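Engineer: Okay, so here is coords-v6.cif, and as you'll see once you scroll down, it has mmCIF, C-alpha atoms.
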```
data_structure
#
loop_
_atom_site.label_atom_id
_atom_site.label_comp_id
_atom_site.auth_asym_id
_atom_site.auth_seq_id
_atom_site.Cartn_x
_atom_site.Cartn_y
_atom_site.Cartn_z
CA MET A 291 12.70 15.54 -27.95
CA PRO A 292 10.98 13.75 -25.05
CA GLU A 293 7.86 15.51 -23.87
CA VAL A 294 6.99 15.64 -20.18
CA VAL A 295 5.23 12.38 -19.32
CA VAL A 296 3.14 12.71 -16.17
CA ARG A 297 2.12 9.61 -14.24
CA LYS A 298 0.37 11.18 -11.32
CA LYS A 299 -0.61 14.55 -9.90
CA VAL A 300 -1.32 15.31 -6.26
CA VAL A 301 -2.65 18.40 -4.54
CA CYS A 302 -2.54 18.74 -0.73
CA VAL A 303 -4.07 21.61 1.23
CA GLU A 304 -3.62 22.20 4.95
CA GLU A 305 -5.77 24.62 6.93
CA ILE A 306 -4.25 25.39 10.30
CA PHE A 307 -6.51 26.83 13.00
CA HIS A 308 -4.13 26.82 15.95
CA GLU A 309 -1.17 25.02 17.41
CA GLY A 310 -2.00 25.09 21.09
CA GLY A 311 -2.44 28.87 21.23
CA PRO A 312 -5.29 31.21 20.32
CA VAL A 313 -7.41 30.09 17.36
CA ALA A 314 -6.48 32.20 14.33
CA GLU A 315 -9.12 34.56 13.01
CA THR A 316 -8.04 33.63 9.51
CA PRO A 317 -6.59 30.13 9.46
CA LEU A 318 -3.23 29.70 7.75
CA ARG A 319 -3.46 27.66 4.59
CA ARG A 320 -0.64 25.86 2.85
CA ALA A 321 -1.02 24.08 -0.46
CA ALA A 322 1.34 21.82 -2.36
CA ALA A 323 1.05 20.63 -5.95
CA LEU A 324 3.06 17.55 -6.90
CA ALA A 325 3.67 15.96 -10.29
CA VAL A 326 5.35 12.62 -10.83
CA ILE A 327 7.05 12.62 -14.23
CA ARG A 328 9.30 10.29 -16.16
CA ASN A 329 12.99 11.23 -15.90
CA PRO A 330 14.18 11.36 -19.51
CA PHE A 331 17.80 11.09 -18.33
CA ALA A 332 17.42 8.13 -15.96
CA GLY A 333 20.00 5.35 -16.12
CA ALA A 334 22.92 7.09 -17.82
CA TYR A 335 25.01 10.22 -17.57
CA VAL A 336 23.72 12.75 -20.07
CA ALA A 337 25.87 15.85 -20.48
CA ASN A 338 23.35 18.18 -22.07
CA ILE A 339 20.19 18.33 -20.01
CA GLU A 340 19.48 22.05 -19.89
CA TRP A 341 16.96 22.02 -22.73
CA PHE A 342 14.52 20.03 -20.58
CA MET A 343 13.82 23.16 -18.51
CA ASP A 344 11.86 24.59 -21.43
CA ASP A 345 9.80 21.43 -21.67
CA LEU A 346 8.90 21.78 -17.99
CA LYS A 347 7.58 25.33 -18.26
CA PRO A 348 3.96 24.47 -19.15
CA LEU A 349 3.82 21.97 -16.28
CA GLY A 350 5.17 24.61 -13.89
CA LEU A 351 2.50 27.07 -14.94
CA GLU A 352 -0.23 24.46 -14.67
CA MET A 353 0.89 23.53 -11.14
CA ALA A 354 1.17 27.16 -10.03
CA ARG A 355 -2.35 27.89 -11.32
CA LYS A 356 -3.63 24.75 -9.63
CA LEU A 357 -2.25 25.98 -6.31
CA VAL A 358 -3.92 29.37 -6.60
CA GLU A 359 -7.14 27.56 -7.42
CA ALA A 360 -6.70 25.25 -4.40
CA LEU A 361 -6.31 28.35 -2.21
CA GLY A 362 -9.54 29.86 -3.49
CA GLY A 363 -8.64 31.32 -6.88
CA ASP A 364 -7.28 34.73 -5.87
CA PRO A 365 -3.49 35.08 -6.31
CA GLU A 366 -3.58 38.07 -3.93
CA VAL A 367 -3.99 35.76 -0.92
CA VAL A 368 -0.64 34.07 -1.54
CA GLU A 369 2.13 35.34 0.75
CA GLY A 370 4.70 32.55 0.85
CA TYR A 371 6.16 30.04 -1.58
CA GLY A 372 8.73 27.31 -2.07
CA LYS A 373 9.63 24.48 -4.40
CA GLY A 374 11.41 21.16 -4.47
CA ALA A 375 12.15 17.91 -6.27
CA ILE A 376 12.85 14.28 -5.45
CA VAL A 377 14.80 12.37 -8.09
CA GLY A 378 14.37 8.57 -8.34
CA SER A 379 17.35 6.26 -7.85
CA LEU A 380 18.30 6.04 -11.55
CA GLY A 381 18.73 9.79 -11.73
CA GLU A 382 21.08 12.36 -10.22
CA ILE A 383 20.56 15.42 -8.07
CA GLU A 384 21.34 17.61 -11.09
CA HIS A 385 18.12 16.43 -12.69
CA GLY A 386 16.24 17.94 -9.75
CA ALA A 387 18.01 21.22 -10.39
CA LEU A 388 16.20 21.42 -13.74
CA TRP A 389 13.11 22.46 -11.76
CA HIS A 390 14.59 25.72 -10.40
CA VAL A 391 13.83 27.87 -13.42
CA PRO A 392 10.49 26.50 -14.69
CA GLY A 393 9.08 26.01 -11.20
CA GLY A 394 10.18 29.34 -9.80
CA TYR A 395 9.30 31.52 -12.74
CA ALA A 396 5.92 29.86 -13.13
CA MET A 397 4.95 30.87 -9.59
CA ARG A 398 6.25 34.41 -10.03
CA GLU A 399 4.31 34.77 -13.26
CA VAL A 400 1.08 33.46 -11.80
CA LEU A 401 1.48 35.65 -8.70
CA GLY A 402 2.03 38.76 -10.80
CA GLY A 403 5.76 39.25 -10.45
CA ALA A 404 6.70 38.16 -6.93
CA LYS A 405 10.15 39.53 -6.07
CA ALA A 406 11.86 37.11 -3.69
CA ILE A 407 13.92 34.15 -4.72
CA VAL A 408 11.89 30.95 -4.38
CA ALA A 409 13.30 28.86 -1.55
CA SER A 410 13.99 25.30 -2.65
CA THR A 411 15.35 21.92 -1.74
CA LYS A 412 15.90 18.63 -3.51
CA LYS A 413 17.19 15.13 -2.97
CA VAL A 414 17.53 11.70 -4.52
CA GLY A 415 15.26 9.12 -2.95
CA GLY A 416 12.96 6.13 -3.32
CA PRO A 417 9.17 5.85 -3.30
CA GLY A 418 7.66 7.43 -0.19
CA THR A 419 10.60 9.77 0.40
CA ARG A 420 9.45 12.89 2.21
CA LEU A 421 10.66 16.36 1.33
CA ASP A 422 10.56 19.36 3.67
CA VAL A 423 9.89 22.16 1.22
CA PRO A 424 11.17 25.47 2.59
CA ILE A 425 8.85 28.47 2.39
CA THR A 426 9.62 32.20 2.46
CA HIS A 427 7.72 35.42 1.80
CA ILE A 428 7.06 36.03 -1.91
CA ASN A 429 8.40 39.59 -1.96
CA ALA A 430 11.02 39.74 0.78
CA SER A 431 13.09 36.73 1.81
CA TYR A 432 13.86 38.16 5.26
CA VAL A 433 10.28 38.31 6.56
CA ARG A 434 10.72 36.19 9.67
CA SER A 435 7.07 35.32 10.31
CA HIS A 436 6.84 33.62 6.91
CA PHE A 437 9.82 31.27 7.26
CA ASP A 438 8.03 27.95 7.18
CA ALA A 439 8.13 24.52 5.58
CA MET A 440 5.68 21.93 4.36
CA GLU A 441 6.38 18.23 4.32
CA VAL A 442 5.26 16.50 1.13
CA GLY A 443 5.61 13.07 -0.41
CA VAL A 444 3.77 10.39 -2.34
CA ASN A 445 3.86 6.81 -1.10
CA ASP A 446 4.51 5.27 -4.54
CA ALA A 447 6.81 7.92 -6.00
CA PRO A 448 9.36 8.59 -7.28
CA ARG A 449 10.06 5.25 -8.89
CA ALA A 450 13.64 4.74 -10.06
CA ASP A 451 13.09 6.39 -13.45
CA GLU A 452 10.90 9.22 -12.22
CA ILE A 453 11.17 12.71 -10.76
CA LEU A 454 8.69 14.12 -8.27
CA LEU A 455 8.33 17.88 -8.73
CA THR A 456 6.60 20.12 -6.24
CA LEU A 457 5.50 23.72 -5.75
CA VAL A 458 4.15 25.10 -2.47
CA MET A 459 2.20 28.27 -1.65
CA THR A 460 0.95 29.61 1.70
CA THR A 461 -1.47 32.34 2.70
CA GLY A 462 0.45 33.87 5.57
CA ALA A 463 2.69 33.70 8.59
CA ARG A 464 3.17 30.69 10.90
CA VAL A 465 0.00 30.36 12.92
CA HIS A 466 1.50 31.66 16.18
CA ALA A 467 4.44 33.66 14.73
CA ARG A 468 6.04 35.72 17.52
CA VAL A 469 9.82 35.75 17.22
CA GLY A 470 10.20 39.28 15.88
CA GLY A 471 12.31 40.25 12.87
CA LEU A 472 11.25 41.94 9.65
CA LYS A 473 7.46 42.08 9.40
CA ALA A 474 5.41 41.59 6.23
CA SER A 475 3.97 45.07 6.80
CA GLU A 476 7.49 46.58 6.63
CA VAL A 477 8.49 45.10 3.29
CA LYS A 478 9.87 47.62 0.81
CA GLY A 479 9.71 45.07 -1.98
CA GLU A 480 12.53 46.41 -4.12
CA ASP A 481 15.33 43.88 -3.89
CA GLY A 482 13.38 40.74 -3.03
CA LEU A 483 15.14 40.57 0.33
CA ARG A 484 13.58 43.24 2.59
CA MET B 260 -19.09 22.46 16.80
CA LYS B 261 -18.08 20.05 19.51
CA ALA B 262 -14.83 19.03 17.84
CA LYS B 263 -11.82 21.23 18.62
CA ILE B 264 -10.03 21.19 15.30
CA ARG B 265 -6.38 22.17 15.08
CA LYS B 266 -5.93 21.47 11.42
CA ILE B 267 -7.73 20.17 8.33
CA ALA B 268 -5.85 18.78 5.34
CA THR B 269 -7.06 17.59 1.97
CA PHE B 270 -5.20 15.43 -0.51
CA VAL B 271 -6.14 14.78 -4.12
CA GLU B 272 -4.38 12.22 -6.29
CA GLU B 273 -4.90 11.86 -10.01
CA THR B 274 -3.24 8.93 -11.79
CA GLN B 275 -2.80 9.55 -15.48
CA ARG B 276 -0.41 6.77 -16.46
CA GLU B 277 0.56 3.38 -15.11
CA MET B 278 3.23 1.11 -16.58
CA ASP B 279 3.57 3.41 -19.57
CA ARG B 280 -0.11 3.19 -20.43
CA ASP B 281 -2.59 6.01 -20.34
CA VAL B 282 -5.25 5.75 -17.68
CA THR B 283 -8.37 7.13 -19.37
CA PRO B 284 -10.12 8.71 -17.72
CA PRO B 285 -7.54 9.27 -14.97
CA THR B 286 -8.43 7.71 -11.61
CA ARG B 287 -8.93 10.21 -8.82
CA ARG B 288 -9.09 9.93 -5.06
CA ALA B 289 -9.38 12.50 -2.34
CA ALA B 290 -8.95 12.36 1.40
CA ALA B 291 -9.86 14.94 4.01
CA VAL B 292 -8.20 14.72 7.40
CA ALA B 293 -9.02 16.59 10.60
CA VAL B 294 -6.68 16.81 13.57
CA ILE B 295 -8.74 17.25 16.72
CA GLU B 296 -8.21 17.40 20.44
CA ASN B 297 -8.97 14.08 22.13
CA PRO B 298 -11.30 15.00 25.02
CA CYS B 299 -10.74 11.57 26.59
CA ALA B 300 -6.93 11.55 26.45
CA GLY B 301 -4.86 10.66 29.47
CA LYS B 302 -7.47 8.83 31.51
CA TYR B 303 -9.98 6.00 31.26
CA VAL B 304 -13.38 7.38 30.28
CA GLU B 305 -16.28 4.92 30.37
CA ASP B 306 -18.81 6.91 28.37
CA LEU B 307 -17.46 7.83 24.94
CA SER B 308 -20.58 9.62 23.69
CA GLU B 309 -18.71 12.91 23.29
CA LEU B 310 -16.49 11.26 20.69
CA MET B 311 -19.55 9.81 18.95
CA VAL B 312 -20.97 13.31 18.52
CA ILE B 313 -17.64 14.48 17.16
CA GLY B 314 -17.72 11.57 14.71
CA GLU B 315 -21.04 12.73 13.35
CA GLU B 316 -19.77 16.29 12.84
CA LEU B 317 -16.62 15.14 11.14
CA GLY B 318 -18.49 12.71 8.90
CA GLU B 319 -20.26 15.60 7.26
CA LEU B 320 -17.37 18.06 7.28
CA LEU B 321 -14.73 15.70 5.91
CA THR B 322 -16.94 14.14 3.25
CA ALA B 323 -17.96 17.58 2.01
CA ARG B 324 -14.30 18.64 1.88
CA ALA B 325 -13.21 15.50 0.03
CA VAL B 326 -15.98 15.80 -2.54
CA ALA B 327 -15.22 19.49 -3.02
CA ALA B 328 -11.53 18.70 -3.48
CA LEU B 329 -12.47 16.28 -6.26
CA GLY B 330 -14.73 18.90 -7.80
CA ILE B 331 -17.66 16.50 -8.09
CA LEU B 332 -21.16 16.25 -6.71
CA GLY B 333 -21.64 13.79 -3.87
CA PRO B 334 -23.70 11.28 -5.87
CA SER B 335 -20.88 10.99 -8.46
CA ALA B 336 -18.57 9.47 -5.85
CA GLU B 337 -17.86 5.78 -6.44
CA SER B 338 -15.95 4.48 -3.44
CA TYR B 339 -15.24 5.52 0.11
CA GLY B 340 -13.39 4.70 3.29
CA LYS B 341 -12.57 6.08 6.73
CA ALA B 342 -9.76 5.84 9.25
CA ALA B 343 -8.47 7.32 12.48
CA ALA B 344 -5.16 7.50 14.32
CA VAL B 345 -5.19 8.13 18.05
CA GLY B 346 -2.26 9.89 19.72
CA GLU B 347 -0.32 8.09 22.42
CA ASN B 348 -2.42 9.34 25.36
CA GLY B 349 -5.60 7.90 23.88
CA GLU B 350 -6.93 4.41 23.29
CA LEU B 351 -8.04 2.55 20.20
CA GLU B 352 -11.59 2.63 21.48
CA HIS B 353 -11.58 6.41 21.03
CA ALA B 354 -11.05 5.89 17.30
CA ALA B 355 -13.85 3.34 17.31
CA ALA B 356 -16.19 5.82 19.03
CA ILE B 357 -15.55 8.41 16.35
CA LEU B 358 -15.68 6.08 13.36
CA HIS B 359 -18.40 3.54 14.00
CA PRO B 360 -21.58 4.74 15.74
CA ASN B 361 -22.38 8.05 13.96
CA LEU B 362 -19.86 9.03 11.31
CA GLY B 363 -21.40 7.00 8.49
CA ALA B 364 -24.85 8.58 8.27
CA PRO B 365 -23.66 12.07 7.29
CA VAL B 366 -21.16 10.55 4.85
CA ARG B 367 -24.04 8.84 3.09
CA ARG B 368 -26.13 11.99 3.24
CA VAL B 369 -23.44 13.97 1.43
CA LEU B 370 -22.93 11.23 -1.15
CA GLY B 371 -26.63 10.66 -1.82
CA LYS B 372 -26.41 6.93 -1.28
CA GLY B 373 -23.99 4.43 0.21
CA ALA B 374 -25.59 1.05 0.72
CA ALA B 375 -22.24 -0.61 1.45
CA LEU B 376 -20.37 -0.78 4.73
CA ILE B 377 -17.75 1.99 4.88
CA PRO B 378 -14.42 0.16 5.11
CA SER B 379 -12.27 1.43 7.96
CA SER B 380 -8.95 1.16 9.72
CA LYS B 381 -7.59 2.55 12.95
CA LYS B 382 -4.41 2.63 14.96
CA ARG B 383 -2.60 4.38 17.75
CA GLY B 384 0.58 6.18 16.85
CA GLY B 385 2.86 9.17 17.09
CA MET B 386 3.26 12.18 14.86
CA GLY B 387 3.78 11.26 11.23
CA VAL B 388 2.02 7.93 11.57
CA VAL B 389 0.72 6.62 8.25
CA LEU B 390 -2.98 5.95 7.80
CA ASP B 391 -3.90 3.49 5.06
CA ILE B 392 -7.55 4.24 4.43
CA PRO B 393 -9.26 1.20 2.90
CA LEU B 394 -11.57 1.92 -0.02
CA GLY B 395 -14.60 0.03 -1.33
CA HIS B 396 -17.47 0.82 -3.68
CA LYS B 397 -20.11 2.83 -1.85
CA ASP B 398 -23.12 0.89 -3.07
CA ALA B 399 -21.80 -2.65 -3.48
CA ALA B 400 -18.91 -3.94 -1.41
CA PHE B 401 -18.11 -6.75 -3.87
CA VAL B 402 -17.12 -4.50 -6.78
CA ARG B 403 -13.58 -5.82 -7.26
CA SER B 404 -12.23 -2.93 -9.35
CA HIS B 405 -12.83 -0.58 -6.43
CA PHE B 406 -11.01 -2.49 -3.67
CA ASP B 407 -8.23 -0.02 -2.97
CA GLY B 408 -6.53 2.07 -0.33
CA MET B 409 -5.15 5.54 0.07
CA GLU B 410 -2.23 6.51 2.24
CA VAL B 411 -2.29 9.78 4.15
CA ARG B 412 0.01 11.25 6.77
CA LEU B 413 0.73 14.56 8.43
CA ASN B 414 4.19 15.10 9.85
CA ASP B 415 2.89 16.96 12.94
CA ALA B 416 -0.09 14.79 13.90
CA PRO B 417 -1.41 13.22 15.98
CA ARG B 418 0.16 14.79 19.05
CA ALA B 419 -0.26 12.78 22.25
CA ASN B 420 -3.65 14.32 23.09
CA GLU B 421 -5.00 14.40 19.56
CA ILE B 422 -6.88 12.20 17.11
CA MET B 423 -6.48 12.31 13.35
CA VAL B 424 -9.71 11.43 11.50
CA ALA B 425 -9.84 10.78 7.76
CA VAL B 426 -12.52 10.22 5.13
CA ALA B 427 -11.54 9.22 1.59
CA VAL B 428 -13.74 9.43 -1.50
CA THR B 429 -13.02 8.52 -5.13
CA ASP B 430 -14.71 8.95 -8.47
CA SER B 431 -13.14 5.78 -9.87
CA GLY B 432 -11.57 2.40 -9.14
CA ARG B 433 -7.96 1.29 -9.48
CA PRO B 434 -5.99 2.38 -12.53
CA LEU B 435 -5.95 -0.41 -15.17
CA ALA B 436 -8.13 -2.71 -12.97
CA ARG B 437 -8.22 -6.14 -14.61
CA VAL B 438 -8.65 -8.94 -12.11
CA GLY B 439 -12.26 -9.67 -12.97
CA GLY B 440 -14.99 -10.20 -10.40
CA PHE B 441 -18.17 -8.26 -9.84
CA THR B 442 -18.26 -5.02 -11.88
CA LYS B 443 -19.86 -1.68 -11.16
CA GLN B 444 -22.15 -2.16 -14.17
CA GLN B 445 -23.70 -5.18 -12.39
CA ILE B 446 -24.56 -3.31 -9.18
CA LYS B 447 -28.06 -3.84 -7.85
CA GLY B 448 -27.41 -1.66 -4.82
CA ASP B 449 -29.97 -3.22 -2.49
CA ASP B 450 -27.97 -5.16 0.08
CA GLY B 451 -24.74 -3.15 0.01
CA LEU B 452 -22.85 -6.17 -1.26
CA HIS B 453 -23.90 -6.62 -4.91
#
```
Could you quickly redo this structure as structure tokens?

Structural biologist:
Amino acid sequence: MPEVVVRKKVVCVEEIFHEGGPVAETPLRRAAALAVIRNPFAGAYVANIEWFMDDLKPLGLEMARKLVEALGGDPEVVEGYGKGAIVGSLGEIEHGALWHVPGGYAMREVLGGAKAIVASTKKVGGPGTRLDVPITHINASYVRSHFDAMEVGVNDAPRADEILLTLVMTTGARVHARVGGLKASEVKGEDGLR
Amino acid sequence: MKAKIRKIATFVEETQREMDRDVTPPTRRAAAVAVIENPCAGKYVEDLSELMVIGEELGELLTARAVAALGILGPSAESYGKAAAVGENGELEHAAAILHPNLGAPVRRVLGKGAALIPSSKKRGGMGVVLDIPLGHKDAAFVRSHFDGMEVRLNDAPRANEIMVAVAVTDSGRPLARVGGFTKQQIKGDDGLH
């Protein structure tokens, strides 16, 4: 059974004070953790790939914890999340789908049982490919102020036989959110949607 | 603070493997980037001293952020570099005013030493422009294992009236460095070169 072989890890943190409007009292922070791993299925069609999700679980947890740490260490400050994957050219999009379960559940576990589905995206691409990772509120997908995205990428990854995995967490709404809709303060938090 | 900061981002990269070999200890680099308003945008300004003051502020702020992102003390840093990208309503000389007169002193203060010239690059560009920050050993520019570069970019910067300023710091040289030359063990540290 191939273990997860990591070539490189990256952590990016953005602190956003304003975007042309009033300076935020508490700046919005977004953090992304990225891991570049070897794709054990690169180069050939492999029918049975599902087992690799279990192998990815420890990496997911490590990345989720790293993000909380990058945002100051308190999971309570995290209000939004998302995840994504970029599969190198010798792999297929289905390999990126292996990240849904270990990536998503790792964040929910670290955040103490967040309720909303973790927004995600994935693609096949070469080194330097950028991914716009979608972000939604951790307990209610419909919170409009928390719909956001963070662009991530690594200039030398993924190589052809690699997968770039990413998790993203944010500390709040868009910096000048003002288009109405369901508010974070109105979340019931039962169904993960509202 | 004189600088009007819209956003600060930090990036940390840790390379654990290269060409299927372990990199022990892993090589690590960090960059801190500030996106600021360009007070001289849109017109020719003869006296750029305002930008020089901003450079001094950012030298301290960004170096402290980069070192903190690496989780090391300043004196443990091994190499450094700086770069700036000016939005389309500014001129290259604005980047020079930030980077060259005053930014270096606080960088060296935070890092304890820094006898070597801080390698730099600059350009004008639109949002998403890529900055390749050159890296060199902080006490001896000829240390060949530490000639390197780090790519950073932010999808939403610099806007036309902004400047993106970056400082990069490492605690190591290239992964698997093996092209000979002057080594860090041979550093005298007097002239900034050897």

Engineer: Please report as a Markdown table every residue of chain A lying within 9 Å of chain B, along with the nearest atom pair and their distance in Å (one decimal), using all atoms listed in the file.

Structural biologist:
```
| residue | atom | partner | partner_atom | distance |
| --- | --- | --- | --- | --- |
| A:Val295 | CA | B:Arg276 | CA | 8.5 |
| A:Val296 | CA | B:Gln275 | CA | 6.8 |
| A:Arg297 | CA | B:Arg276 | CA | 4.4 |
| A:Lys298 | CA | B:Thr274 | CA | 4.3 |
| A:Lys299 | CA | B:Glu273 | CA | 5.1 |
| A:Val300 | CA | B:Glu272 | CA | 4.3 |
| A:Val301 | CA | B:Val271 | CA | 5.0 |
| A:Cys302 | CA | B:Phe270 | CA | 4.3 |
| A:Val303 | CA | B:Thr269 | CA | 5.1 |
| A:Glu304 | CA | B:Ala268 | CA | 4.1 |
| A:Glu305 | CA | B:Ile267 | CA | 5.1 |
| A:Ile306 | CA | B:Lys266 | CA | 4.4 |
| A:Phe307 | CA | B:Arg265 | CA | 5.1 |
| A:His308 | CA | B:Arg265 | CA | 5.2 |
| A:Glu309 | CA | B:Arg265 | CA | 6.4 |
| A:Gly310 | CA | B:Arg265 | CA | 8.0 |
| A:Val313 | CA | B:Arg265 | CA | 8.3 |
| A:Pro317 | CA | B:Lys266 | CA | 8.9 |
| A:Ala360 | CA | B:Ala328 | CA | 8.2 |
| A:Met440 | CA | B:Asn414 | CA | 8.9 |
| A:Glu441 | CA | B:Asn414 | CA | 6.7 |
| A:Val442 | CA | B:Leu413 | CA | 8.8 |
| A:Val444 | CA | B:Glu410 | CA | 8.5 |
| A:Asn445 | CA | B:Glu410 | CA | 7.0 |
```

Engineer: May I have the residues at most 8 Å from (4.9, 32.8, 5.7) in the file's coordinates, counting only C-alpha atoms, as a compact mmCIF listing (two decimals) with C-alpha atoms, in the coordinates of the input?

Structural biologist:
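So the final result, stored in out-v2.txt, reads:
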```txt
# COMPACT_ATOMS: atom_id res chain seq x y z
CA GLU A 369 2.13 35.34 0.75
CA GLY A 370 4.70 32.55 0.85
CA TYR A 371 6.16 30.04 -1.58
CA ILE A 425 8.85 28.47 2.39
CA THR A 426 9.62 32.20 2.46
CA HIS A 427 7.72 35.42 1.80
CA VAL A 433 10.28 38.31 6.56
CA ARG A 434 10.72 36.19 9.67
CA SER A 435 7.07 35.32 10.31
CA HIS A 436 6.84 33.62 6.91
CA PHE A 437 9.82 31.27 7.26
CA ASP A 438 8.03 27.95 7.18
CA THR A 460 0.95 29.61 1.70
CA THR A 461 -1.47 32.34 2.70
CA GLY A 462 0.45 33.87 5.57
CA ALA A 463 2.69 33.70 8.59
CA ARG A 464 3.17 30.69 10.90
```

Engineer: Written as a list in words, which residues does the PyMOL selection byres ((chain B and resi 303) around 12) give for the file shown?

Structural biologist: Pro298, Cys299, Ala300, Gly301, Lys302, Val304, Glu305, Asp306, Leu307, Asn348, Gly349, Glu350, Leu351, Glu352 and His353 of chain B

Engineer: Check the smallest atom-to-atom distance from each of B:Pro434, B:Ile377, B:Ile331, B:Gly451 to Ala364 in chain B using only C-alpha atoms, then report the winner.

Structural biologist: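 Ranking B:Pro434, B:Ile377, B:Ile331, B:Gly451 by distance to Ala364 in chain B, first place goes to B:Ile377.
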
Engineer: Determine, counting all atoms listed in the file, which protein, DNA and RNA residues have an atom within 10 Å of an atom of Leu380 in chain A; residues of the same chain fewer than 6 positions away are not included. Present the result as a list of chain:residue names.

Structural biologist: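 In the requested form, the answer reads A:Asn329, A:Phe331, A:Ala332, A:Gly333, A:Ala334, A:Tyr335, A:Val414, A:Gly415, A:Gly416, A:Arg449, A:Ala450, A:Asp451, A:Glu452, A:Ile453.
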
Engineer: Counting only C-alpha atoms, figure out which residue out of B:Ala343, B:Ala323, B:Ala419, B:Leu452 gets nearest to Ile392 in chain B.

Structural biologist: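 For Ile392 in chain B, the nearest of the candidates is B:Ala343.
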
Engineer: How many Å separate CA of Ala375 in chain B from CA of Leu310 in chain B?

Structural biologist: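 So the answer is 23.3 Å.
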
Engineer: What box, with edges along x, y and z, holds each listed atom of range 448-451 of chain B when 8 Å is added on every side, and can you state its centre and edge lengths in Å to one decimal, as JSON?

Structural biologist:
```
{"center_x": -27.4, "center_y": -3.4, "center_z": -2.4, "size_x": 21.2, "size_y": 19.5, "size_z": 20.9}
```

Engineer: Pick out the closest residue to Leu401 in chain A from this set: A:Met343, A:Ile383, A:Ile428, A:Ala447. Count all atoms listed in the file.

Structural biologist: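 The shortest atom-to-atom distance to Leu401 in chain A comes from A:Ile428.
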
Engineer: From the options A:Val408, A:Leu361, A:Leu388, A:Val477, which residue's atoms come nearest to Leu318 in chain A, counting only C-alpha atoms?

Structural biologist: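 Nearest candidate to Leu318 in chain A out of A:Val408, A:Leu361, A:Leu388, A:Val477: A:Leu361.
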
Engineer: Calculate how many Å separate CA of Val402 in chain B from CA of Lys443 in chain B, rounding to one decimal.

Structural biologist: 5.9 Å

Engineer: Starting from the PyMOL selection byres ((chain A and resi 472) around 7), expand the selection into actual residues of this file and give them as a PyMOL selection string.

Structural biologist: chain A and resi 432-434+470-471+473-474+476

Engineer: From the list A:Gly386, A:Pro448, A:Gly394, A:Gly378, which residue is nearest Ile407 in chain A when using all atoms listed in the file?

Structural biologist: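 Using all atoms listed in the file, Ile407 in chain A sits closest to A:Gly394.
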
Engineer: Once the PyMOL selection byres ((chain B and resi 438-440) around 9) is applied to the coordinates I shared, what remains selected? I want it as a VMD selection string.

Structural biologist: chain B and resid 401 to 404 436 to 437 441 to 442

Engineer: Quick one: of B:Ala374, B:Ala262, B:Leu362, B:Leu394, who's nearest to Lys447 in chain B, counting all atoms listed in the file?

Structural biologist: B:Ala374

Engineer: What does the structure give for the distance between CA of His405 in chain B and CA of Val366 in chain B, in Å to one decimal?

Structural biologist: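 Going from CA of His405 in chain B over to CA of Val366 in chain B, I get 17.9 Å.
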
Engineer: Please identify all polymer residues within 8 Å of Lys347 in chain A, counting only C-alpha atoms, omitting same-chain residues fewer than 6 positions from it, and present them as a list in words.

Structural biologist: Pro392, Gly393 and Ala396 of chain A

Engineer: Just the residues within 7 Å of Leu483 in chain A, please, counting all atoms listed in the file, with nothing from its chain fewer than 3 positions along; format it as a ChimeraX atom specification.

Structural biologist: /A:406,430-432

Engineer: Just the residues within 12 Å of Pro348 in chain A, please, counting all atoms listed in the file, with nothing from its chain fewer than 5 positions along; format it as a CSV table (one decimal) with C-alpha atoms, in the frame of the given file.

Structural biologist:
```
chain,number,residue,atom,x,y,z
A,293,GLU,CA,7.9,15.5,-23.9
A,294,VAL,CA,7.0,15.6,-20.2
A,342,PHE,CA,14.5,20.0,-20.6
A,343,MET,CA,13.8,23.2,-18.5
A,353,MET,CA,0.9,23.5,-11.1
A,354,ALA,CA,1.2,27.2,-10.0
A,355,ARG,CA,-2.4,27.9,-11.3
A,389,TRP,CA,13.1,22.5,-11.8
A,391,VAL,CA,13.8,27.9,-13.4
A,392,PRO,CA,10.5,26.5,-14.7
A,393,GLY,CA,9.1,26.0,-11.2
A,395,TYR,CA,9.3,31.5,-12.7
A,396,ALA,CA,5.9,29.9,-13.1
A,397,MET,CA,5.0,30.9,-9.6
A,399,GLU,CA,4.3,34.8,-13.3
A,400,VAL,CA,1.1,33.5,-11.8
```

Engineer: Leaving out Leu421 in chain A and any residue of its chain fewer than 3 positions from it, which residues lie within 8 Å of it when counting only C-alpha atoms, given as a list in words?

Structural biologist: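 Contacts, with the query itself left out: Gly374, Ala375, Ile376, Thr411, Lys412, Lys413, Glu441, Val442 and Gly443 of chain A.
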